[in-house]
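Listing of protein-v7.cif, mmCIF, C-alpha atoms
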data_query
loop_
_atom_site.group_PDB
_atom_site.id
_atom_site.type_symbol
_atom_site.label_atom_id
_atom_site.label_comp_id
_atom_site.auth_asym_id
_atom_site.auth_seq_id
_atom_site.Cartn_x
_atom_site.Cartn_y
_atom_site.Cartn_z
ATOM 1 C CA MET L 1 15.537 -41.744 -180.265
ATOM 2 C CA ARG L 2 14.659 -38.092 -180.711
ATOM 3 C CA ASN L 3 18.310 -37.192 -181.291
ATOM 4 C CA SER L 4 18.737 -39.813 -183.996
ATOM 5 C CA VAL L 5 15.588 -38.621 -185.771
ATOM 6 C CA LEU L 6 16.752 -35.023 -185.530
ATOM 7 C CA ALA L 7 20.252 -35.902 -186.749
ATOM 8 C CA SER L 8 18.813 -37.913 -189.619
ATOM 9 C CA ARG L 9 16.638 -34.987 -190.723
ATOM 10 C CA TYR L 10 19.560 -32.573 -190.771
ATOM 11 C CA ALA L 11 21.792 -35.104 -192.525
ATOM 12 C CA LYS L 12 19.126 -35.871 -195.119
ATOM 13 C CA ALA L 13 18.581 -32.177 -195.856
ATOM 14 C CA LEU L 14 22.314 -31.586 -196.315
ATOM 15 C CA PHE L 15 22.653 -34.749 -198.404
ATOM 16 C CA GLU L 16 19.795 -33.755 -200.711
ATOM 17 C CA LEU L 17 21.361 -30.312 -201.090
ATOM 18 C CA SER L 18 24.713 -31.901 -201.965
ATOM 19 C CA LEU L 19 22.957 -33.969 -204.630
ATOM 20 C CA ASP L 20 21.262 -30.857 -206.022
ATOM 21 C CA ILE L 21 24.563 -29.008 -206.318
ATOM 22 C CA ASP L 22 26.300 -32.167 -207.581
ATOM 23 C CA ASN L 23 28.981 -32.036 -204.891
ATOM 24 C CA VAL L 24 28.410 -34.999 -202.599
ATOM 25 C CA ASP L 25 32.122 -35.807 -202.364
ATOM 26 C CA GLY L 26 33.097 -32.190 -201.604
ATOM 27 C CA VAL L 27 30.479 -31.841 -198.882
ATOM 28 C CA ASN L 28 31.545 -35.188 -197.437
ATOM 29 C CA GLN L 29 35.189 -34.090 -197.367
ATOM 30 C CA ASP L 30 34.281 -30.821 -195.638
ATOM 31 C CA LEU L 31 32.217 -32.648 -193.021
ATOM 32 C CA GLU L 32 34.978 -35.185 -192.414
ATOM 33 C CA ASN L 33 37.504 -32.361 -192.001
ATOM 34 C CA LEU L 34 35.224 -30.484 -189.608
ATOM 35 C CA VAL L 35 34.508 -33.521 -187.437
ATOM 36 C CA GLN L 36 38.165 -34.568 -187.471
ATOM 37 C CA MET L 37 39.255 -31.063 -186.463
ATOM 38 C CA LEU L 38 36.870 -31.097 -183.505
ATOM 39 C CA GLU L 39 38.036 -34.583 -182.484
ATOM 40 C CA ASP L 40 41.699 -33.545 -182.736
ATOM 41 C CA ASN L 41 41.102 -30.348 -180.734
ATOM 42 C CA PRO L 42 38.997 -31.179 -177.668
ATOM 43 C CA LYS L 43 39.360 -27.629 -176.322
ATOM 44 C CA LEU L 44 37.959 -26.224 -179.562
ATOM 45 C CA ALA L 45 35.096 -28.720 -179.440
ATOM 46 C CA GLU L 46 34.384 -27.721 -175.843
ATOM 47 C CA VAL L 47 34.322 -24.037 -176.772
ATOM 48 C CA PHE L 48 32.211 -24.761 -179.858
ATOM 49 C CA THR L 49 29.524 -26.451 -177.774
ATOM 50 C CA HIS L 50 29.792 -24.210 -174.710
ATOM 51 C CA PRO L 51 26.303 -22.916 -173.791
ATOM 52 C CA ARG L 52 27.519 -19.511 -172.558
ATOM 53 C CA LEU L 53 29.295 -18.572 -175.772
ATOM 54 C CA SER L 54 27.099 -16.417 -177.979
ATOM 55 C CA ARG L 55 26.099 -17.465 -181.476
ATOM 56 C CA ASP L 56 28.138 -14.618 -182.961
ATOM 57 C CA GLU L 57 31.229 -15.733 -181.049
ATOM 58 C CA LYS L 58 30.749 -19.284 -182.317
ATOM 59 C CA PHE L 59 30.228 -18.048 -185.904
ATOM 60 C CA SER L 60 33.420 -16.046 -185.633
ATOM 61 C CA LEU L 61 35.338 -18.947 -184.105
ATOM 62 C CA MET L 62 34.336 -21.382 -186.840
ATOM 63 C CA ASN L 63 34.889 -18.853 -189.661
ATOM 64 C CA ASP L 64 38.297 -17.718 -188.455
ATOM 65 C CA TYR L 65 39.772 -21.009 -187.302
ATOM 66 C CA HIS L 66 42.909 -21.503 -189.398
ATOM 67 C CA GLY L 67 42.661 -25.289 -189.601
ATOM 68 C CA LEU L 68 39.283 -25.285 -191.305
ATOM 69 C CA VAL L 69 38.985 -24.701 -195.037
ATOM 70 C CA TYR L 70 35.684 -25.441 -196.755
ATOM 71 C CA GLU L 71 35.477 -26.674 -200.320
ATOM 72 C CA SER L 72 31.807 -25.838 -200.250
ATOM 73 C CA GLU L 73 30.172 -22.762 -198.751
ATOM 74 C CA TYR L 74 27.174 -24.987 -198.023
ATOM 75 C CA VAL L 75 28.925 -26.781 -195.174
ATOM 76 C CA ARG L 76 29.888 -23.444 -193.605
ATOM 77 C CA ASN L 77 26.268 -22.295 -193.984
ATOM 78 C CA PHE L 78 25.067 -25.606 -192.552
ATOM 79 C CA LEU L 79 27.340 -25.153 -189.556
ATOM 80 C CA HIS L 80 25.947 -21.652 -189.059
ATOM 81 C CA LEU L 81 22.429 -23.094 -189.162
ATOM 82 C CA LEU L 82 23.351 -25.608 -186.452
ATOM 83 C CA ILE L 83 24.743 -22.827 -184.302
ATOM 84 C CA GLN L 84 21.719 -20.622 -184.936
ATOM 85 C CA LYS L 85 19.322 -23.422 -183.961
ATOM 86 C CA LYS L 86 21.531 -24.398 -180.986
ATOM 87 C CA ARG L 87 22.134 -27.847 -182.448
ATOM 88 C CA GLU L 88 25.941 -27.798 -182.499
ATOM 89 C CA ARG L 89 26.049 -30.617 -179.941
ATOM 90 C CA GLU L 90 24.319 -32.810 -182.520
ATOM 91 C CA LEU L 91 27.140 -32.522 -185.068
ATOM 92 C CA ALA L 92 28.598 -35.981 -184.317
ATOM 93 C CA ASN L 93 25.147 -37.609 -184.614
ATOM 94 C CA ILE L 94 24.424 -35.675 -187.800
ATOM 95 C CA PHE L 95 27.767 -36.759 -189.235
ATOM 96 C CA SER L 96 27.000 -40.384 -188.392
ATOM 97 C CA ALA L 97 23.616 -40.117 -190.137
ATOM 98 C CA TRP L 98 25.297 -38.330 -193.075
ATOM 99 C CA MET L 99 27.749 -41.242 -193.442
ATOM 100 C CA ASN L 100 24.799 -43.644 -193.722
ATOM 101 C CA TYR L 101 23.417 -41.607 -196.652
ATOM 102 C CA PHE L 102 26.876 -41.244 -198.176
ATOM 103 C CA HIS L 103 27.623 -44.976 -197.994
ATOM 104 C CA ARG L 104 24.278 -45.852 -199.593
ATOM 105 C CA TYR L 105 24.942 -43.309 -202.344
ATOM 106 C CA LYS L 106 28.389 -44.815 -202.990
ATOM 107 C CA GLN L 107 26.896 -48.319 -202.684
ATOM 108 C CA VAL L 108 29.334 -49.158 -199.931
ATOM 109 C CA LEU L 109 28.414 -51.294 -196.932
ATOM 110 C CA PRO L 110 30.389 -50.705 -193.720
ATOM 111 C CA VAL L 111 30.896 -54.114 -192.115
ATOM 112 C CA GLU L 112 32.438 -54.819 -188.732
ATOM 113 C CA VAL L 113 33.930 -58.292 -188.354
ATOM 114 C CA VAL L 114 35.024 -59.606 -184.955
ATOM 115 C CA ALA L 115 36.982 -62.868 -185.002
ATOM 116 C CA VAL L 116 39.370 -64.803 -182.777
ATOM 117 C CA SER L 117 42.272 -64.247 -185.149
ATOM 118 C CA LYS L 118 43.028 -62.515 -188.424
ATOM 119 C CA LEU L 119 40.958 -63.861 -191.325
ATOM 120 C CA THR L 120 42.719 -65.351 -194.315
ATOM 121 C CA ASP L 121 42.391 -63.722 -197.734
ATOM 122 C CA LYS L 122 40.219 -66.645 -198.818
ATOM 123 C CA GLN L 123 37.854 -66.115 -195.856
ATOM 124 C CA VAL L 124 37.635 -62.375 -196.537
ATOM 125 C CA ASP L 125 36.937 -62.996 -200.248
ATOM 126 C CA SER L 126 34.233 -65.537 -199.381
ATOM 127 C CA LEU L 127 32.627 -63.132 -196.909
ATOM 128 C CA ARG L 128 32.861 -60.295 -199.444
ATOM 129 C CA SER L 129 31.141 -62.297 -202.192
ATOM 130 C CA ARG L 130 28.353 -63.447 -199.854
ATOM 131 C CA LEU L 131 27.690 -59.902 -198.665
ATOM 132 C CA ILE L 132 27.701 -58.515 -202.208
ATOM 133 C CA LYS L 133 25.250 -61.213 -203.253
ATOM 134 C CA LYS L 134 23.001 -60.492 -200.272
ATOM 135 C CA THR L 135 23.157 -56.666 -200.174
ATOM 136 C CA LYS L 136 24.159 -55.664 -203.735
ATOM 137 C CA ARG L 137 26.733 -53.323 -202.142
ATOM 138 C CA GLU L 138 30.512 -53.440 -201.831
ATOM 139 C CA PRO L 139 31.529 -54.236 -198.242
ATOM 140 C CA MET L 140 34.008 -51.944 -196.508
ATOM 141 C CA PHE L 141 35.455 -54.103 -193.735
ATOM 142 C CA SER L 142 36.803 -53.159 -190.343
ATOM 143 C CA PHE L 143 38.322 -56.056 -188.442
ATOM 144 C CA GLU L 144 38.715 -56.621 -184.734
ATOM 145 C CA MET L 145 40.248 -59.586 -182.962
ATOM 146 C CA ASN L 146 38.702 -60.960 -179.774
ATOM 147 C CA PRO L 147 40.104 -64.260 -178.437
ATOM 148 C CA GLN L 148 37.181 -64.564 -175.984
ATOM 149 C CA LEU L 149 34.960 -65.681 -178.888
ATOM 150 C CA LEU L 150 36.828 -69.038 -178.857
ATOM 151 C CA GLY L 151 36.090 -69.532 -182.585
ATOM 152 C CA GLY L 152 33.840 -68.344 -185.381
ATOM 153 C CA MET L 153 33.046 -64.661 -185.881
ATOM 154 C CA ILE L 154 30.521 -61.892 -185.371
ATOM 155 C CA ILE L 155 29.490 -59.795 -188.382
ATOM 156 C CA ARG L 156 27.707 -56.452 -187.979
ATOM 157 C CA TYR L 157 26.310 -54.283 -190.762
ATOM 158 C CA GLU L 158 23.427 -51.841 -190.913
ATOM 159 C CA ASP L 159 21.118 -53.046 -188.142
ATOM 160 C CA LYS L 160 22.056 -56.715 -188.485
ATOM 161 C CA ILE L 161 24.235 -58.828 -186.214
ATOM 162 C CA ILE L 162 25.232 -62.327 -187.268
ATOM 163 C CA ASP L 163 26.808 -64.079 -184.307
ATOM 164 C CA GLY L 164 28.466 -67.313 -185.394
ATOM 165 C CA SER L 165 30.921 -67.396 -182.514
ATOM 166 C CA VAL L 166 31.628 -70.512 -180.461
ATOM 167 C CA LEU L 167 31.057 -68.399 -177.334
ATOM 168 C CA LYS L 168 27.478 -67.659 -178.444
ATOM 169 C CA GLN L 169 26.861 -71.343 -179.175
ATOM 170 C CA ILE L 170 28.108 -72.293 -175.701
ATOM 171 C CA GLN L 171 25.873 -69.636 -174.129
ATOM 172 C CA GLN L 172 22.845 -70.965 -176.032
ATOM 173 C CA LEU L 173 23.660 -74.554 -175.067
ATOM 174 C CA THR L 174 24.048 -73.535 -171.408
ATOM 175 C CA ALA L 175 20.689 -71.749 -171.493
ATOM 176 C CA SER L 176 18.933 -74.750 -173.033
ATOM 177 C CA ILE L 177 20.464 -77.120 -170.462
ATOM 178 C CA LYS L 178 19.261 -74.857 -167.651
ATOM 179 C CA ASP L 179 15.727 -75.099 -169.055
ATOM 180 C CA ILE L 180 15.654 -78.921 -168.697
ATOM 181 C CA PRO L 181 13.804 -79.892 -165.512
ATOM 182 C CA VAL L 182 15.995 -81.803 -163.030
ATOM 183 C CA ALA L 183 13.459 -84.635 -162.884
ATOM 184 C CA LYS L 184 14.003 -85.366 -166.590
ATOM 185 C CA LEU L 185 17.748 -85.579 -166.040
ATOM 186 C CA ARG L 186 17.181 -88.281 -163.395
ATOM 187 C CA GLY L 187 14.857 -90.195 -165.682
ATOM 188 C CA GLU L 188 11.833 -89.549 -163.521
ATOM 189 C CA VAL L 189 8.393 -89.222 -165.053
ATOM 190 C CA VAL L 190 7.037 -85.733 -164.590
#
Starting from the file, lay out its structure as structure tokens.
Amino acid sequence: MRNSVLASRYAKALFELSLDIDNVDGVNQDLENLVQMLEDNPKLAEVFTHPRLSRDEKFSLMNDYHGLVYESEYVRNFLHLLIQKKRERELANIFSAWMNYFHRYKQVLPVEVVAVSKLTDKQVDSLRSRLIKKTKREPMFSFEMNPQLLGGMIIRYEDKIIDGSVLKQIQQLTASIKDIPVAKLRGEVV
């Protein structure tokens, strides 16, 4: 919990700064590039977060790395602040919190849909219109197929989970059957 609060504070501060300088998209692009570079180069990420490397060595590494070009000096300064405060291990969490602010700003709603098979265009359009009506934001879908659901789908967005899968219905039915006393099943008076 503490990490998510910390990450949210850093992300909010950077987001508010990006609004002040009117460069939300540029800051977002720089952050995406930075995170992607660290994901693509695990050795670099390991060095970047290594506790025995000095702050100056980390500053130098991140300034001189050829694959990293910043559109905004603010992201470079932000990265230096993380290093200075020994928060570089929080970068992924900060980026995740940043994306929440960015999506709200762009009025986009990341939605994860898990279904047995690929949804038809009509189903996607219906789901899109319902979500727009409910959230007033444009859904950005990611789809996953899971045949174990047996039917229906699971929809996740923000902190909501809507489980309309057949598997969930079977689990609920099984649980309710288990709660029926055996005497009632035999027709005995309890």
- L:Arg76, L:Leu109, L:Ala7, L:Met153: which is nearest Asp64 (chain L), counting only C-alpha atoms?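 Checking each of L:Arg76, L:Leu109, L:Ala7, L:Met153 against Asp64 (chain L), counting only C-alpha atoms, the winner is L:Arg76.
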- Task: In Å, rounded to a single decimal, give me how far CA of Asn93 (chain L) is from CA of Tyr157 (chain L).
- Result: 17.8 Å
Can you give me, as a JSON list (two decimals) with C-alpha atoms, in the frame of the given file, the residues this file yields under the PyMOL selection byres ((chain L and resi 116-131) around 12)?
[["chain", "number", "residue", "atom", "x", "y", "z"],
["L", 108, "VAL", "CA", 29.33, -49.16, -199.93],
["L", 109, "LEU", "CA", 28.41, -51.29, -196.93],
["L", 110, "PRO", "CA", 30.39, -50.70, -193.72],
["L", 111, "VAL", "CA", 30.90, -54.11, -192.12],
["L", 112, "GLU", "CA", 32.44, -54.82, -188.73],
["L", 113, "VAL", "CA", 33.93, -58.29, -188.35],
["L", 114, "VAL", "CA", 35.02, -59.61, -184.96],
["L", 115, "ALA", "CA", 36.98, -62.87, -185.00],
["L", 132, "ILE", "CA", 27.70, -58.52, -202.21],
["L", 133, "LYS", "CA", 25.25, -61.21, -203.25],
["L", 134, "LYS", "CA", 23.00, -60.49, -200.27],
["L", 135, "THR", "CA", 23.16, -56.67, -200.17],
["L", 136, "LYS", "CA", 24.16, -55.66, -203.74],
["L", 137, "ARG", "CA", 26.73, -53.32, -202.14],
["L", 138, "GLU", "CA", 30.51, -53.44, -201.83],
["L", 139, "PRO", "CA", 31.53, -54.24, -198.24],
["L", 140, "MET", "CA", 34.01, -51.94, -196.51],
["L", 141, "PHE", "CA", 35.46, -54.10, -193.74],
["L", 142, "SER", "CA", 36.80, -53.16, -190.34],
["L", 143, "PHE", "CA", 38.32, -56.06, -188.44],
["L", 144, "GLU", "CA", 38.72, -56.62, -184.73],
["L", 145, "MET", "CA", 40.25, -59.59, -182.96],
["L", 146, "ASN", "CA", 38.70, -60.96, -179.77],
["L", 147, "PRO", "CA", 40.10, -64.26, -178.44],
["L", 148, "GLN", "CA", 37.18, -64.56, -175.98],
["L", 149, "LEU", "CA", 34.96, -65.68, -178.89],
["L", 150, "LEU", "CA", 36.83, -69.04, -178.86],
["L", 151, "GLY", "CA", 36.09, -69.53, -182.58],
["L", 152, "GLY", "CA", 33.84, -68.34, -185.38],
["L", 153, "MET", "CA", 33.05, -64.66, -185.88],
["L", 154, "ILE", "CA", 30.52, -61.89, -185.37],
["L", 155, "ILE", "CA", 29.49, -59.80, -188.38],
["L", 156, "ARG", "CA", 27.71, -56.45, -187.98],
["L", 157, "TYR", "CA", 26.31, -54.28, -190.76],
["L", 158, "GLU", "CA", 23.43, -51.84, -190.91],
["L", 162, "ILE", "CA", 25.23, -62.33, -187.27],
["L", 164, "GLY", "CA", 28.47, -67.31, -185.39],
["L", 165, "SER", "CA", 30.92, -67.40, -182.51],
["L", 166, "VAL", "CA", 31.63, -70.51, -180.46],
["L", 167, "LEU", "CA", 31.06, -68.40, -177.33]]
- Message: If the PyMOL selection byres ((chain L and resi 26-35) around 9) were run on this exact file, what residues would it hold? Put them as a list in words.
- Response: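 Those residues are Leu14, Phe15, Ser18, Asn23, Val24, Asp25, Gln36, Met37, Leu38, Glu39, Asp40, Leu68, Val69, Tyr70, Glu71, Ser72, Tyr74, Val75, Arg76, Leu91, Ala92, Phe95, Trp98, Met99 and Phe102 of chain L.
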- Task: Excluding region 53-63 of chain L and any residue of its chain fewer than 6 positions from it, enumerate the residues within 10 Å of it, using all atoms listed in the file, and give them as a ChimeraX atom specification.
- Result: /L:34,44,47,69-70,76-77,79-86,88
- Quick one, how far is CA of Leu17 (chain L) from CA of Tyr101 (chain L)?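 Pair CA of Leu17 (chain L) / CA of Tyr101 (chain L) returns 12.3 Å.
Nearest to Ser4 (chain L) of all the residues L:Ile94, L:His50, L:Ile21, L:Arg89 is L:Ile94, counting all atoms listed in the file.
Reported to one decimal place, the separation of CA of Arg104 (chain L) from CA of Lys160 (chain L) is 15.7 Å.
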- Query: From the list L:Arg52, L:Lys178, L:Lys168, L:Lys12, which residue is nearest Tyr105 (chain L) when using all atoms listed in the file?
  - Reply: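 The closest residue to Tyr105 (chain L) is L:Lys12.
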- Point out the residue among L:Glu90, L:Asp159, L:Glu16, L:Ala97 with the least atom-to-atom distance to Ala45 (chain L), counting all atoms listed in the file.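 The shortest atom-to-atom distance to Ala45 (chain L) comes from L:Glu90.
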Kindly write C-alpha atoms of region 120-156 of chain L from the structure just given to a file, as a PDB file, in the first residue's frame.
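Generated file (selection.pdb):
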ATOM      1  CA  THR L 120     -17.835 -10.154 -32.746  1.00  0.00           C
ATOM      2  CA  ASP L 121     -17.771  -6.540 -33.923  1.00  0.00           C
ATOM      3  CA  LYS L 122     -21.391  -6.212 -32.821  1.00  0.00           C
ATOM      4  CA  GLN L 123     -20.535  -7.428 -29.295  1.00  0.00           C
ATOM      5  CA  VAL L 124     -17.564  -5.055 -29.062  1.00  0.00           C
ATOM      6  CA  ASP L 125     -19.697  -2.117 -30.272  1.00  0.00           C
ATOM      7  CA  SER L 126     -22.417  -2.965 -27.743  1.00  0.00           C
ATOM      8  CA  LEU L 127     -19.866  -3.204 -24.931  1.00  0.00           C
ATOM      9  CA  ARG L 128     -18.243   0.054 -26.063  1.00  0.00           C
ATOM     10  CA  SER L 129     -21.537   1.968 -26.056  1.00  0.00           C
ATOM     11  CA  ARG L 130     -22.514   0.627 -22.620  1.00  0.00           C
ATOM     12  CA  LEU L 131     -19.155   1.585 -21.130  1.00  0.00           C
ATOM     13  CA  ILE L 132     -19.248   5.056 -22.686  1.00  0.00           C
ATOM     14  CA  LYS L 133     -22.740   5.566 -21.300  1.00  0.00           C
ATOM     15  CA  LYS L 134     -21.673   4.379 -17.847  1.00  0.00           C
ATOM     16  CA  THR L 135     -18.227   6.026 -17.566  1.00  0.00           C
ATOM     17  CA  LYS L 136     -18.368   8.955 -20.034  1.00  0.00           C
ATOM     18  CA  ARG L 137     -14.949   7.795 -21.302  1.00  0.00           C
ATOM     19  CA  GLU L 138     -13.805   6.052 -24.472  1.00  0.00           C
ATOM     20  CA  PRO L 139     -12.869   2.430 -23.737  1.00  0.00           C
ATOM     21  CA  MET L 140      -9.470   1.170 -24.859  1.00  0.00           C
ATOM     22  CA  PHE L 141      -9.905  -2.602 -25.020  1.00  0.00           C
ATOM     23  CA  SER L 142      -7.414  -5.383 -24.499  1.00  0.00           C
ATOM     24  CA  PHE L 143      -8.800  -8.830 -25.207  1.00  0.00           C
ATOM     25  CA  GLU L 144      -7.803 -12.203 -23.847  1.00  0.00           C
ATOM     26  CA  MET L 145      -9.293 -15.586 -24.636  1.00  0.00           C
ATOM     27  CA  ASN L 146      -9.781 -18.182 -21.905  1.00  0.00           C
ATOM     28  CA  PRO L 147     -11.766 -21.324 -22.819  1.00  0.00           C
ATOM     29  CA  GLN L 148     -11.997 -22.310 -19.128  1.00  0.00           C
ATOM     30  CA  LEU L 149     -14.721 -19.668 -18.670  1.00  0.00           C
ATOM     31  CA  LEU L 150     -17.102 -21.970 -20.617  1.00  0.00           C
ATOM     32  CA  GLY L 151     -19.140 -18.944 -21.788  1.00  0.00           C
ATOM     33  CA  GLY L 152     -19.807 -15.301 -21.031  1.00  0.00           C
ATOM     34  CA  MET L 153     -16.993 -12.880 -20.215  1.00  0.00           C
ATOM     35  CA  ILE L 154     -15.124 -11.034 -17.494  1.00  0.00           C
ATOM     36  CA  ILE L 155     -14.707  -7.259 -17.816  1.00  0.00           C
ATOM     37  CA  ARG L 156     -12.152  -5.341 -15.739  1.00  0.00           C
TER      38      ARG L 156
END
